[in-house]
$ cat final_12.pdb   # PDB, C-alpha atoms and all ligand atoms
ATOM      1  CA  MET A   1     -12.648   5.689 -13.626  1.00  0.00           C
ATOM      2  CA  SER A   2     -13.023   1.886 -13.791  1.00  0.00           C
ATOM      3  CA  ALA A   3     -15.303   0.004 -11.387  1.00  0.00           C
ATOM      4  CA  LEU A   4     -13.606  -0.990  -8.156  1.00  0.00           C
ATOM      5  CA  ASN A   5     -12.369  -4.588  -8.316  1.00  0.00           C
ATOM      6  CA  ARG A   6     -12.553  -5.692  -4.677  1.00  0.00           C
ATOM      7  CA  ASP A   7     -11.643  -9.291  -5.520  1.00  0.00           C
ATOM      8  CA  ALA A   8      -8.080  -8.292  -6.344  1.00  0.00           C
ATOM      9  CA  PHE A   9      -7.590  -7.374  -2.666  1.00  0.00           C
ATOM     10  CA  ALA A  10      -9.045 -10.667  -1.380  1.00  0.00           C
ATOM     11  CA  GLY A  11      -6.902 -13.277   0.357  1.00  0.00           C
ATOM     12  CA  VAL A  12      -3.248 -12.951   1.262  1.00  0.00           C
ATOM     13  CA  ARG A  13      -1.545 -10.886  -1.448  1.00  0.00           C
ATOM     14  CA  VAL A  14       1.966  -9.658  -2.110  1.00  0.00           C
ATOM     15  CA  ALA A  15       1.777  -6.105  -3.450  1.00  0.00           C
ATOM     16  CA  PRO A  16       4.928  -5.098  -5.355  1.00  0.00           C
ATOM     17  CA  SER A  17       5.906  -1.480  -4.668  1.00  0.00           C
ATOM     18  CA  ILE A  18       7.093   0.342  -7.766  1.00  0.00           C
ATOM     19  CA  LEU A  19       9.298   2.546  -5.559  1.00  0.00           C
ATOM     20  CA  SER A  20      12.125   0.059  -6.134  1.00  0.00           C
ATOM     21  CA  ALA A  21      11.431  -0.454  -9.855  1.00  0.00           C
ATOM     22  CA  ASP A  22      13.590   0.838 -12.706  1.00  0.00           C
ATOM     23  CA  PHE A  23      11.634   3.965 -13.669  1.00  0.00           C
ATOM     24  CA  ALA A  24      13.285   4.085 -17.085  1.00  0.00           C
ATOM     25  CA  ARG A  25      11.326   0.921 -17.926  1.00  0.00           C
ATOM     26  CA  LEU A  26       8.446   1.181 -15.492  1.00  0.00           C
ATOM     27  CA  GLY A  27       5.725  -0.161 -17.797  1.00  0.00           C
ATOM     28  CA  ALA A  28       7.709  -3.281 -18.634  1.00  0.00           C
ATOM     29  CA  ALA A  29       8.580  -3.860 -14.965  1.00  0.00           C
ATOM     30  CA  VAL A  30       4.913  -3.638 -13.984  1.00  0.00           C
ATOM     31  CA  ASP A  31       3.932  -5.973 -16.841  1.00  0.00           C
ATOM     32  CA  GLU A  32       6.438  -8.566 -15.618  1.00  0.00           C
ATOM     33  CA  VAL A  33       4.960  -8.793 -12.127  1.00  0.00           C
ATOM     34  CA  LEU A  34       1.390  -8.711 -13.452  1.00  0.00           C
ATOM     35  CA  ALA A  35       2.257 -11.644 -15.720  1.00  0.00           C
ATOM     36  CA  ALA A  36       3.609 -13.487 -12.659  1.00  0.00           C
ATOM     37  CA  GLY A  37       0.228 -13.013 -10.962  1.00  0.00           C
ATOM     38  CA  ALA A  38       0.589  -9.776  -8.998  1.00  0.00           C
ATOM     39  CA  ARG A  39      -2.790  -8.084  -8.751  1.00  0.00           C
ATOM     40  CA  VAL A  40      -2.124  -5.286  -6.247  1.00  0.00           C
ATOM     41  CA  ILE A  41       0.437  -2.726  -7.384  1.00  0.00           C
ATOM     42  CA  HIS A  42       1.596  -0.406  -4.590  1.00  0.00           C
ATOM     43  CA  VAL A  43       2.383   3.235  -5.383  1.00  0.00           C
ATOM     44  CA  ASP A  44       4.451   5.217  -2.847  1.00  0.00           C
ATOM     45  CA  VAL A  45       3.775   8.935  -2.974  1.00  0.00           C
ATOM     46  CA  MET A  46       6.158  11.149  -0.942  1.00  0.00           C
ATOM     47  CA  ASP A  47       6.143  14.930  -0.727  1.00  0.00           C
ATOM     48  CA  GLY A  48       9.471  15.978   0.795  1.00  0.00           C
ATOM     49  CA  HIS A  49       7.636  17.199   3.926  1.00  0.00           C
ATOM     50  CA  PHE A  50       5.845  14.331   5.674  1.00  0.00           C
ATOM     51  CA  VAL A  51       8.870  12.249   4.690  1.00  0.00           C
ATOM     52  CA  PRO A  52      12.129  13.679   3.296  1.00  0.00           C
ATOM     53  CA  PRO A  53      12.106  12.180  -0.232  1.00  0.00           C
ATOM     54  CA  ILE A  54       9.962  13.318  -3.150  1.00  0.00           C
ATOM     55  CA  THR A  55       8.810  10.443  -5.324  1.00  0.00           C
ATOM     56  CA  ILE A  56       5.871  10.200  -7.662  1.00  0.00           C
ATOM     57  CA  GLY A  57       2.468  11.766  -8.177  1.00  0.00           C
ATOM     58  CA  PRO A  58      -0.743  11.343 -10.134  1.00  0.00           C
ATOM     59  CA  LEU A  59       0.966  11.551 -13.565  1.00  0.00           C
ATOM     60  CA  ILE A  60       3.070   8.433 -13.037  1.00  0.00           C
ATOM     61  CA  THR A  61       0.161   6.710 -11.306  1.00  0.00           C
ATOM     62  CA  ALA A  62      -2.050   7.367 -14.329  1.00  0.00           C
ATOM     63  CA  SER A  63       0.676   6.181 -16.697  1.00  0.00           C
ATOM     64  CA  ILE A  64       0.437   2.599 -15.406  1.00  0.00           C
ATOM     65  CA  ALA A  65      -3.284   2.516 -14.572  1.00  0.00           C
ATOM     66  CA  ASP A  66      -4.516   1.011 -17.840  1.00  0.00           C
ATOM     67  CA  ARG A  67      -2.045  -1.862 -17.913  1.00  0.00           C
ATOM     68  CA  VAL A  68      -2.757  -2.699 -14.239  1.00  0.00           C
ATOM     69  CA  HIS A  69      -6.547  -2.597 -14.670  1.00  0.00           C
ATOM     70  CA  GLY A  70      -6.305  -4.401 -18.019  1.00  0.00           C
ATOM     71  CA  ALA A  71      -4.618  -7.324 -16.266  1.00  0.00           C
ATOM     72  CA  GLY A  72      -7.316  -7.474 -13.585  1.00  0.00           C
ATOM     73  CA  GLY A  73      -5.160  -5.650 -11.071  1.00  0.00           C
ATOM     74  CA  VAL A  74      -5.619  -2.687  -8.764  1.00  0.00           C
ATOM     75  CA  LEU A  75      -3.576   0.360  -7.784  1.00  0.00           C
ATOM     76  CA  ASP A  76      -2.917   0.677  -4.063  1.00  0.00           C
ATOM     77  CA  VAL A  77      -1.834   4.282  -3.509  1.00  0.00           C
ATOM     78  CA  HIS A  78       0.029   5.091  -0.278  1.00  0.00           C
ATOM     79  CA  LEU A  79       0.138   8.821   0.374  1.00  0.00           C
ATOM     80  CA  MET A  80       3.071   9.808   2.570  1.00  0.00           C
ATOM     81  CA  ILE A  81       2.175  13.466   2.232  1.00  0.00           C
ATOM     82  CA  GLU A  82       0.898  16.288   4.397  1.00  0.00           C
ATOM     83  CA  HIS A  83      -2.669  17.464   3.842  1.00  0.00           C
ATOM     84  CA  PRO A  84      -3.545  14.275   1.937  1.00  0.00           C
ATOM     85  CA  GLU A  85      -7.186  15.376   1.776  1.00  0.00           C
ATOM     86  CA  ALA A  86      -6.203  17.898  -0.899  1.00  0.00           C
ATOM     87  CA  GLN A  87      -4.985  15.157  -3.268  1.00  0.00           C
ATOM     88  CA  ILE A  88      -7.710  12.520  -3.019  1.00  0.00           C
ATOM     89  CA  GLY A  89      -9.538  13.657  -6.161  1.00  0.00           C
ATOM     90  CA  GLU A  90      -6.378  13.761  -8.256  1.00  0.00           C
ATOM     91  CA  PHE A  91      -5.339  10.227  -7.349  1.00  0.00           C
ATOM     92  CA  ALA A  92      -8.839   8.850  -7.812  1.00  0.00           C
ATOM     93  CA  LYS A  93      -8.850  10.422 -11.282  1.00  0.00           C
ATOM     94  CA  ALA A  94      -5.420   8.894 -11.953  1.00  0.00           C
ATOM     95  CA  GLY A  95      -6.886   5.415 -11.424  1.00  0.00           C
ATOM     96  CA  ALA A  96      -6.276   4.650  -7.761  1.00  0.00           C
ATOM     97  CA  ASP A  97      -8.410   1.802  -6.406  1.00  0.00           C
ATOM     98  CA  ALA A  98      -7.307   2.240  -2.798  1.00  0.00           C
ATOM     99  CA  ILE A  99      -5.992   5.439  -1.246  1.00  0.00           C
ATOM    100  CA  THR A 100      -4.239   5.208   2.110  1.00  0.00           C
ATOM    101  CA  ILE A 101      -3.460   8.297   4.154  1.00  0.00           C
ATOM    102  CA  HIS A 102      -1.383   8.631   7.306  1.00  0.00           C
ATOM    103  CA  ALA A 103      -3.146   9.263  10.604  1.00  0.00           C
ATOM    104  CA  GLU A 104      -0.180  11.517  11.506  1.00  0.00           C
ATOM    105  CA  ALA A 105      -0.536  13.639   8.373  1.00  0.00           C
ATOM    106  CA  THR A 106      -4.008  15.092   8.727  1.00  0.00           C
ATOM    107  CA  ALA A 107      -6.138  16.685  11.399  1.00  0.00           C
ATOM    108  CA  HIS A 108      -9.165  15.449   9.467  1.00  0.00           C
ATOM    109  CA  LEU A 109      -8.763  11.691   9.286  1.00  0.00           C
ATOM    110  CA  HIS A 110     -12.445  10.877   9.780  1.00  0.00           C
ATOM    111  CA  ARG A 111     -13.631  13.293   7.114  1.00  0.00           C
ATOM    112  CA  SER A 112     -10.863  12.359   4.670  1.00  0.00           C
ATOM    113  CA  LEU A 113     -11.682   8.648   4.813  1.00  0.00           C
ATOM    114  CA  GLY A 114     -15.252   9.515   3.918  1.00  0.00           C
ATOM    115  CA  ALA A 115     -13.975  11.559   0.986  1.00  0.00           C
ATOM    116  CA  ILE A 116     -11.893   8.628  -0.283  1.00  0.00           C
ATOM    117  CA  ARG A 117     -14.908   6.305  -0.306  1.00  0.00           C
ATOM    118  CA  GLN A 118     -16.963   9.062  -1.897  1.00  0.00           C
ATOM    119  CA  ALA A 119     -14.367   9.139  -4.686  1.00  0.00           C
ATOM    120  CA  GLY A 120     -15.040   5.426  -5.321  1.00  0.00           C
ATOM    121  CA  CYS A 121     -11.891   4.033  -3.706  1.00  0.00           C
ATOM    122  CA  LEU A 122     -11.135   1.823  -0.736  1.00  0.00           C
ATOM    123  CA  ALA A 123     -10.170   4.016   2.205  1.00  0.00           C
ATOM    124  CA  GLY A 124      -6.961   3.212   4.064  1.00  0.00           C
ATOM    125  CA  VAL A 125      -5.313   4.539   7.211  1.00  0.00           C
ATOM    126  CA  ALA A 126      -1.572   4.120   7.743  1.00  0.00           C
ATOM    127  CA  ILE A 127       0.195   4.405  11.084  1.00  0.00           C
ATOM    128  CA  ASN A 128       3.915   4.871  11.653  1.00  0.00           C
ATOM    129  CA  PRO A 129       5.825   2.533  13.975  1.00  0.00           C
ATOM    130  CA  GLY A 130       5.687   5.190  16.733  1.00  0.00           C
ATOM    131  CA  THR A 131       1.934   5.716  16.543  1.00  0.00           C
ATOM    132  CA  PRO A 132      -0.205   3.720  18.979  1.00  0.00           C
ATOM    133  CA  VAL A 133      -2.454   1.184  17.305  1.00  0.00           C
ATOM    134  CA  GLU A 134      -5.432   2.650  19.207  1.00  0.00           C
ATOM    135  CA  ALA A 135      -5.388   5.538  16.702  1.00  0.00           C
ATOM    136  CA  LEU A 136      -7.236   3.187  14.343  1.00  0.00           C
ATOM    137  CA  ALA A 137     -10.190   2.420  16.585  1.00  0.00           C
ATOM    138  CA  ALA A 138     -12.105   5.679  16.153  1.00  0.00           C
ATOM    139  CA  VAL A 139     -12.201   5.314  12.370  1.00  0.00           C
ATOM    140  CA  ALA A 140     -12.881   1.579  12.111  1.00  0.00           C
ATOM    141  CA  ALA A 141     -16.263   1.981  10.445  1.00  0.00           C
ATOM    142  CA  ARG A 142     -14.752   4.276   7.802  1.00  0.00           C
ATOM    143  CA  SER A 143     -11.702   2.119   7.048  1.00  0.00           C
ATOM    144  CA  ASP A 144     -11.296  -0.549   4.386  1.00  0.00           C
ATOM    145  CA  ILE A 145      -7.552  -0.955   4.960  1.00  0.00           C
ATOM    146  CA  TRP A 146      -5.294  -0.500   7.974  1.00  0.00           C
ATOM    147  CA  LEU A 147      -1.654  -0.140   6.993  1.00  0.00           C
ATOM    148  CA  CYS A 148       0.767  -0.848   9.824  1.00  0.00           C
ATOM    149  CA  MET A 149       4.148   0.517   8.776  1.00  0.00           C
ATOM    150  CA  THR A 150       6.793  -2.087   9.534  1.00  0.00           C
ATOM    151  CA  VAL A 151       9.594   0.446   8.927  1.00  0.00           C
ATOM    152  CA  ASN A 152       9.655   4.217   9.315  1.00  0.00           C
ATOM    153  CA  PRO A 153       8.254   5.525   6.038  1.00  0.00           C
ATOM    154  CA  GLY A 154      10.413   7.249   3.454  1.00  0.00           C
ATOM    155  CA  TRP A 155      12.750   4.700   1.945  1.00  0.00           C
ATOM    156  CA  GLY A 156      12.787   1.206   0.535  1.00  0.00           C
ATOM    157  CA  GLY A 157      15.259  -1.417   1.667  1.00  0.00           C
ATOM    158  CA  GLN A 158      15.099  -0.843   5.441  1.00  0.00           C
ATOM    159  CA  PRO A 159      15.032  -3.721   7.941  1.00  0.00           C
ATOM    160  CA  PHE A 160      11.690  -4.925   9.335  1.00  0.00           C
ATOM    161  CA  ILE A 161      10.966  -3.605  12.850  1.00  0.00           C
ATOM    162  CA  ALA A 162      10.486  -6.731  14.965  1.00  0.00           C
ATOM    163  CA  GLU A 163       7.752  -5.308  17.249  1.00  0.00           C
ATOM    164  CA  SER A 164       5.559  -4.831  14.192  1.00  0.00           C
ATOM    165  CA  ALA A 165       4.163  -8.355  14.241  1.00  0.00           C
ATOM    166  CA  ALA A 166       2.541  -7.731  17.646  1.00  0.00           C
ATOM    167  CA  LYS A 167       1.148  -4.428  16.371  1.00  0.00           C
ATOM    168  CA  VAL A 168      -0.476  -6.154  13.424  1.00  0.00           C
ATOM    169  CA  ALA A 169      -2.145  -8.595  15.808  1.00  0.00           C
ATOM    170  CA  ALA A 170      -3.322  -5.681  17.972  1.00  0.00           C
ATOM    171  CA  ALA A 171      -4.849  -3.938  14.933  1.00  0.00           C
ATOM    172  CA  ARG A 172      -6.581  -7.153  13.925  1.00  0.00           C
ATOM    173  CA  ALA A 173      -8.005  -7.436  17.456  1.00  0.00           C
ATOM    174  CA  ILE A 174      -9.518  -3.923  17.353  1.00  0.00           C
ATOM    175  CA  ASP A 175     -11.749  -4.751  14.404  1.00  0.00           C
ATOM    176  CA  SER A 176     -11.786  -7.687  12.026  1.00  0.00           C
ATOM    177  CA  ALA A 177     -13.317  -5.858   9.056  1.00  0.00           C
ATOM    178  CA  PRO A 178     -10.507  -3.701   7.607  1.00  0.00           C
ATOM    179  CA  LEU A 179      -7.802  -5.508   5.655  1.00  0.00           C
ATOM    180  CA  VAL A 180      -4.502  -5.269   7.504  1.00  0.00           C
ATOM    181  CA  GLU A 181      -1.591  -4.256   5.279  1.00  0.00           C
ATOM    182  CA  VAL A 182       2.109  -4.188   6.146  1.00  0.00           C
ATOM    183  CA  ASP A 183       4.799  -2.168   4.433  1.00  0.00           C
ATOM    184  CA  GLY A 184       8.548  -2.222   4.862  1.00  0.00           C
ATOM    185  CA  GLY A 185      11.172  -4.926   5.163  1.00  0.00           C
ATOM    186  CA  ILE A 186       8.897  -7.679   3.896  1.00  0.00           C
ATOM    187  CA  ASP A 187      10.809 -10.650   2.509  1.00  0.00           C
ATOM    188  CA  ALA A 188      10.614 -14.438   2.620  1.00  0.00           C
ATOM    189  CA  ALA A 189      11.705 -14.440   6.283  1.00  0.00           C
ATOM    190  CA  THR A 190       9.361 -11.728   7.606  1.00  0.00           C
ATOM    191  CA  ALA A 191       6.286 -12.480   5.457  1.00  0.00           C
ATOM    192  CA  PRO A 192       5.221 -15.568   7.443  1.00  0.00           C
ATOM    193  CA  LEU A 193       5.496 -13.580  10.720  1.00  0.00           C
ATOM    194  CA  VAL A 194       3.062 -10.866   9.598  1.00  0.00           C
ATOM    195  CA  VAL A 195       0.691 -13.313   7.934  1.00  0.00           C
ATOM    196  CA  GLY A 196       0.669 -15.257  11.197  1.00  0.00           C
ATOM    197  CA  SER A 197      -0.339 -12.026  12.968  1.00  0.00           C
ATOM    198  CA  GLY A 198      -3.251 -11.415  10.607  1.00  0.00           C
ATOM    199  CA  ALA A 199      -1.878  -9.240   7.796  1.00  0.00           C
ATOM    200  CA  THR A 200      -3.229 -10.081   4.347  1.00  0.00           C
ATOM    201  CA  LEU A 201      -1.748  -7.353   2.141  1.00  0.00           C
ATOM    202  CA  LEU A 202       2.049  -7.484   2.074  1.00  0.00           C
ATOM    203  CA  VAL A 203       3.858  -4.649   0.333  1.00  0.00           C
ATOM    204  CA  ALA A 204       7.265  -5.586  -1.017  1.00  0.00           C
ATOM    205  CA  GLY A 205       9.558  -3.176  -2.840  1.00  0.00           C
ATOM    206  CA  SER A 206      13.185  -4.218  -2.807  1.00  0.00           C
ATOM    207  CA  ALA A 207      12.390  -7.923  -2.281  1.00  0.00           C
ATOM    208  CA  VAL A 208      10.704  -7.862  -5.710  1.00  0.00           C
ATOM    209  CA  PHE A 209      12.166  -5.074  -7.827  1.00  0.00           C
ATOM    210  CA  ALA A 210      15.755  -5.067  -6.569  1.00  0.00           C
ATOM    211  CA  ASP A 211      15.981  -8.684  -7.740  1.00  0.00           C
ATOM    212  CA  PRO A 212      17.404  -9.156 -11.243  1.00  0.00           C
ATOM    213  CA  ASN A 213      14.239 -11.149 -12.003  1.00  0.00           C
ATOM    214  CA  PRO A 214      11.276  -9.379 -10.336  1.00  0.00           C
ATOM    215  CA  ALA A 215       8.747 -11.934 -11.619  1.00  0.00           C
ATOM    216  CA  ALA A 216      10.656 -14.845 -10.099  1.00  0.00           C
ATOM    217  CA  ALA A 217      11.174 -12.897  -6.866  1.00  0.00           C
ATOM    218  CA  PHE A 218       7.439 -12.168  -6.689  1.00  0.00           C
ATOM    219  CA  THR A 219       6.664 -15.854  -7.186  1.00  0.00           C
ATOM    220  CA  ARG A 220       9.110 -16.918  -4.459  1.00  0.00           C
ATOM    221  CA  LEU A 221       7.856 -14.335  -1.978  1.00  0.00           C
ATOM    222  CA  SER A 222       4.214 -15.202  -2.644  1.00  0.00           C
ATOM    223  CA  ALA A 223       4.998 -18.863  -1.980  1.00  0.00           C
ATOM    224  CA  ALA A 224       6.800 -17.995   1.275  1.00  0.00           C
ATOM    225  CA  ALA A 225       3.794 -15.924   2.369  1.00  0.00           C
ATOM    226  CA  GLY A 226       1.236 -18.519   1.305  1.00  0.00           C
ATOM    227  CA  ALA A 227      -0.281 -15.789  -0.866  1.00  0.00           C
ATOM    228  CA  VAL A 228      -2.828 -15.937  -3.659  1.00  0.00           C
ATOM    229  CA  VAL A 229      -1.355 -15.415  -7.128  1.00  0.00           C
ATOM    230  CA  GLY A 230      -3.409 -14.306 -10.106  1.00  0.00           C
ATOM    231  CA  ALA A 231      -7.194 -14.110 -10.171  1.00  0.00           C
ATOM    232  CA  ALA A 232      -9.057 -14.721  -6.923  1.00  0.00           C
ATOM    233  CA  ALA A 233     -10.232 -18.315  -6.462  1.00  0.00           C
TER
HETATM  234  C1  LIG A 301       8.458   2.952   2.485  1.00  0.00           C
HETATM  235  C2  LIG A 301       7.384   2.656   1.474  1.00  0.00           C
HETATM  236  C3  LIG A 301       7.382   1.263   1.045  1.00  0.00           C
HETATM  237  C4  LIG A 301       8.619   0.760   0.349  1.00  0.00           C
HETATM  238  C5  LIG A 301       8.916  -0.572   0.953  1.00  0.00           C
HETATM  239  O1  LIG A 301       8.267   4.176   3.069  1.00  0.00           O
HETATM  240  O2  LIG A 301       6.085   2.963   1.982  1.00  0.00           O
HETATM  241  O3  LIG A 301       6.217   0.905   0.296  1.00  0.00           O
HETATM  242  O4  LIG A 301       8.491   0.635  -1.048  1.00  0.00           O
HETATM  243  O5  LIG A 301      10.148  -0.996   0.523  1.00  0.00           O
HETATM  244  P1  LIG A 301      10.836  -2.353   1.005  1.00  0.00           P
HETATM  245  O6  LIG A 301       9.896  -3.465   0.663  1.00  0.00           O
HETATM  246  O7  LIG A 301      12.100  -2.372   0.219  1.00  0.00           O
HETATM  247  O8  LIG A 301      11.057  -2.231   2.484  1.00  0.00           O
HETATM  248 ZN    ZN A 302       4.242   2.130   0.858  1.00  0.00          ZN
END

$ encode --input "final_12.pdb" --output "structure tokens" --more "lines below"
Ligand code: DX5
Ligand code: ZN
Amino acid sequence: MSALNRDAFAGVRVAPSILSADFARLGAAVDEVLAAGARVIHVDVMDGHFVPPITIGPLITASIADRVHGAGGVLDVHLMIEHPEAQIGEFAKAGADAITIHAEATAHLHRSLGAIRQAGCLAGVAINPGTPVEALAAVAARSDIWLCMTVNPGWGGQPFIAESAAKVAAARAIDSAPLVEVDGGIDAATAPLVVGSGATLLVAGSAVFADPNPAAAFTRLSAAAGAVVGAAA
């Protein structure tokens, strides 16, 4: 496991989600956005239970880990799975730098966040649009990242839920230490809204990888968000 590169998470960052990438040429697609200055690569793990689709697991995560770390980047793993505590070790071994679990998916949120840090990763908590933001307060001291879902999890390409901007601001007001991440429906129009509310990690799947030129789309979206590109200043 490589040493955790916290700098890659610093500042406002657009994090391309490989969920919308062409999996037949995944390595090349990741290389393109890394070359454009992406440093946080978002990995969406779905189990067919917590959310209906089944996507990717530790094998695919590990397959891109070296090229991401080699470019100074980090892997931001978003577990949309039940019993996420059972998979923390596998994803840490696969090269995850941050592991985010859903508050709705485990009865053992507090303990699981401790286990993620113990595994050498940043510990993240995600909450669905229907989950009150107060769910985050009890685990503030154990959280490095708070992921406010800005769509219902499960699929790329859904529209941004407008109330999400206020929820991001409410999360920020609970505690200023965890990074606030947003995920779903982020594009050049919605990015400034969530940045204005205090989000600094902006996941973008279809806005980057559904574009015929993902590198150019990443560059445009980063500019719209006022995000850092490339190495931290
Ligand atoms: C949705 C996933 C997202 C997804 C976002 O459940 O967690 O990370 O890739 O896709 P877009 O950016 O297309 O809404
Ligand atoms: Zn995600």

$ residues_around --input "final_12.pdb" --residues "segment 50-58 of chain A" --least-positions-apart "6" --cutoff "12 Å" --atoms "all atoms listed in the file" --output "PyMOL selection string"
chain A and resi 18-20+23+42-44+64-65+75+77-84+87-96+99+101-106+128+152-156

$ residues_around --input "final_12.pdb" --residues "Gly130 of chain A" --least-positions-apart "3" --cutoff "12 Å" --atoms "all atoms listed in the file" --output "MDAnalysis selection string"
chainID A and resid 103:104 126:127 133:135 148:153 161 163:164 167

$ atom_distance --input "final_12.pdb" --atom1 "atom CA of Gly120 of chain A" --atom2 "atom CA of Arg39 of chain A"
18.6 Å

$ residues_around --input "final_12.pdb" --residues "Thr219 of chain A" --least-positions-apart "5" --cutoff "10 Å" --atoms "all atoms listed in the file" --output "PyMOL selection string"
chain A and resi 14+33+36-38+208+214+224-225+227+229

$ closest_residue --input "final_12.pdb" --among "A:Asp31, A:Asp144, A:Asp7, A:Asp187" --to "Ala71 of chain A" --atoms "all atoms listed in the file"
A:Asp31

$ closest_residue --input "final_12.pdb" --among "A:Val195, A:Ala21, A:Ala166, A:Val74" --to "ligand LIG 301 (chain A)" --atoms "all atoms listed in the file"
A:Ala21

$ atom_distance --input "final_12.pdb" --atom1 "atom CA of Thr100 of chain A" --atom2 "atom CA of Ala215 of chain A"
25.5 Å

$ atom_distance --input "final_12.pdb" --atom1 "atom CA of Val68 of chain A" --atom2 "atom CA of Gly230 of chain A"
12.3 Å

$ resolve_selection --input "final_12.pdb" --expression "the PyMOL selection byres (((chain A and resi 159) around 9) and not hetatm)" --output "count of residues only"
10

$ decode --input "final_12.pdb" --residues "segment 65-102 of chain A" --atoms "C-alpha atoms" --output "PDB file, in the first residue's frame"
ATOM      1  CA  ALA A  65      -4.237   1.933  -8.773  1.00  0.00           C
ATOM      2  CA  ASP A  66      -0.659   2.087 -10.049  1.00  0.00           C
ATOM      3  CA  ARG A  67      -1.345   4.530 -12.864  1.00  0.00           C
ATOM      4  CA  VAL A  68      -3.368   6.804 -10.532  1.00  0.00           C
ATOM      5  CA  HIS A  69      -0.730   6.780  -7.776  1.00  0.00           C
ATOM      6  CA  GLY A  70       2.078   7.082 -10.337  1.00  0.00           C
ATOM      7  CA  ALA A  71       0.552  10.348 -11.550  1.00  0.00           C
ATOM      8  CA  GLY A  72       0.298  11.724  -8.010  1.00  0.00           C
ATOM      9  CA  GLY A  73      -3.388  10.918  -7.777  1.00  0.00           C
ATOM     10  CA  VAL A  74      -5.616   9.154  -5.279  1.00  0.00           C
ATOM     11  CA  LEU A  75      -8.443   6.626  -5.442  1.00  0.00           C
ATOM     12  CA  ASP A  76     -11.672   7.776  -3.818  1.00  0.00           C
ATOM     13  CA  VAL A  77     -13.746   4.628  -3.301  1.00  0.00           C
ATOM     14  CA  HIS A  78     -17.498   5.055  -2.743  1.00  0.00           C
ATOM     15  CA  LEU A  79     -19.074   1.894  -1.374  1.00  0.00           C
ATOM     16  CA  MET A  80     -22.778   1.679  -2.170  1.00  0.00           C
ATOM     17  CA  ILE A  81     -22.985  -1.746  -0.581  1.00  0.00           C
ATOM     18  CA  GLU A  82     -24.562  -3.386   2.437  1.00  0.00           C
ATOM     19  CA  HIS A  83     -22.267  -4.456   5.265  1.00  0.00           C
ATOM     20  CA  PRO A  84     -19.443  -2.240   3.966  1.00  0.00           C
ATOM     21  CA  GLU A  85     -17.371  -3.081   7.047  1.00  0.00           C
ATOM     22  CA  ALA A  86     -16.714  -6.516   5.546  1.00  0.00           C
ATOM     23  CA  GLN A  87     -14.973  -5.029   2.487  1.00  0.00           C
ATOM     24  CA  ILE A  88     -12.737  -2.343   3.980  1.00  0.00           C
ATOM     25  CA  GLY A  89      -9.611  -4.518   4.014  1.00  0.00           C
ATOM     26  CA  GLU A  90     -10.062  -5.648   0.422  1.00  0.00           C
ATOM     27  CA  PHE A  91     -10.396  -2.119  -0.929  1.00  0.00           C
ATOM     28  CA  ALA A  92      -7.504  -0.820   1.148  1.00  0.00           C
ATOM     29  CA  LYS A  93      -5.385  -3.640  -0.290  1.00  0.00           C
ATOM     30  CA  ALA A  94      -6.598  -2.727  -3.790  1.00  0.00           C
ATOM     31  CA  GLY A  95      -5.115   0.761  -3.373  1.00  0.00           C
ATOM     32  CA  ALA A  96      -7.971   2.881  -2.060  1.00  0.00           C
ATOM     33  CA  ASP A  97      -6.855   6.162  -0.482  1.00  0.00           C
ATOM     34  CA  ALA A  98     -10.309   7.127   0.769  1.00  0.00           C
ATOM     35  CA  ILE A  99     -13.148   4.734   1.535  1.00  0.00           C
ATOM     36  CA  THR A 100     -16.635   6.170   1.942  1.00  0.00           C
ATOM     37  CA  ILE A 101     -19.473   4.107   3.364  1.00  0.00           C
ATOM     38  CA  HIS A 102     -23.167   4.925   3.573  1.00  0.00           C
TER      39      HIS A 102
END
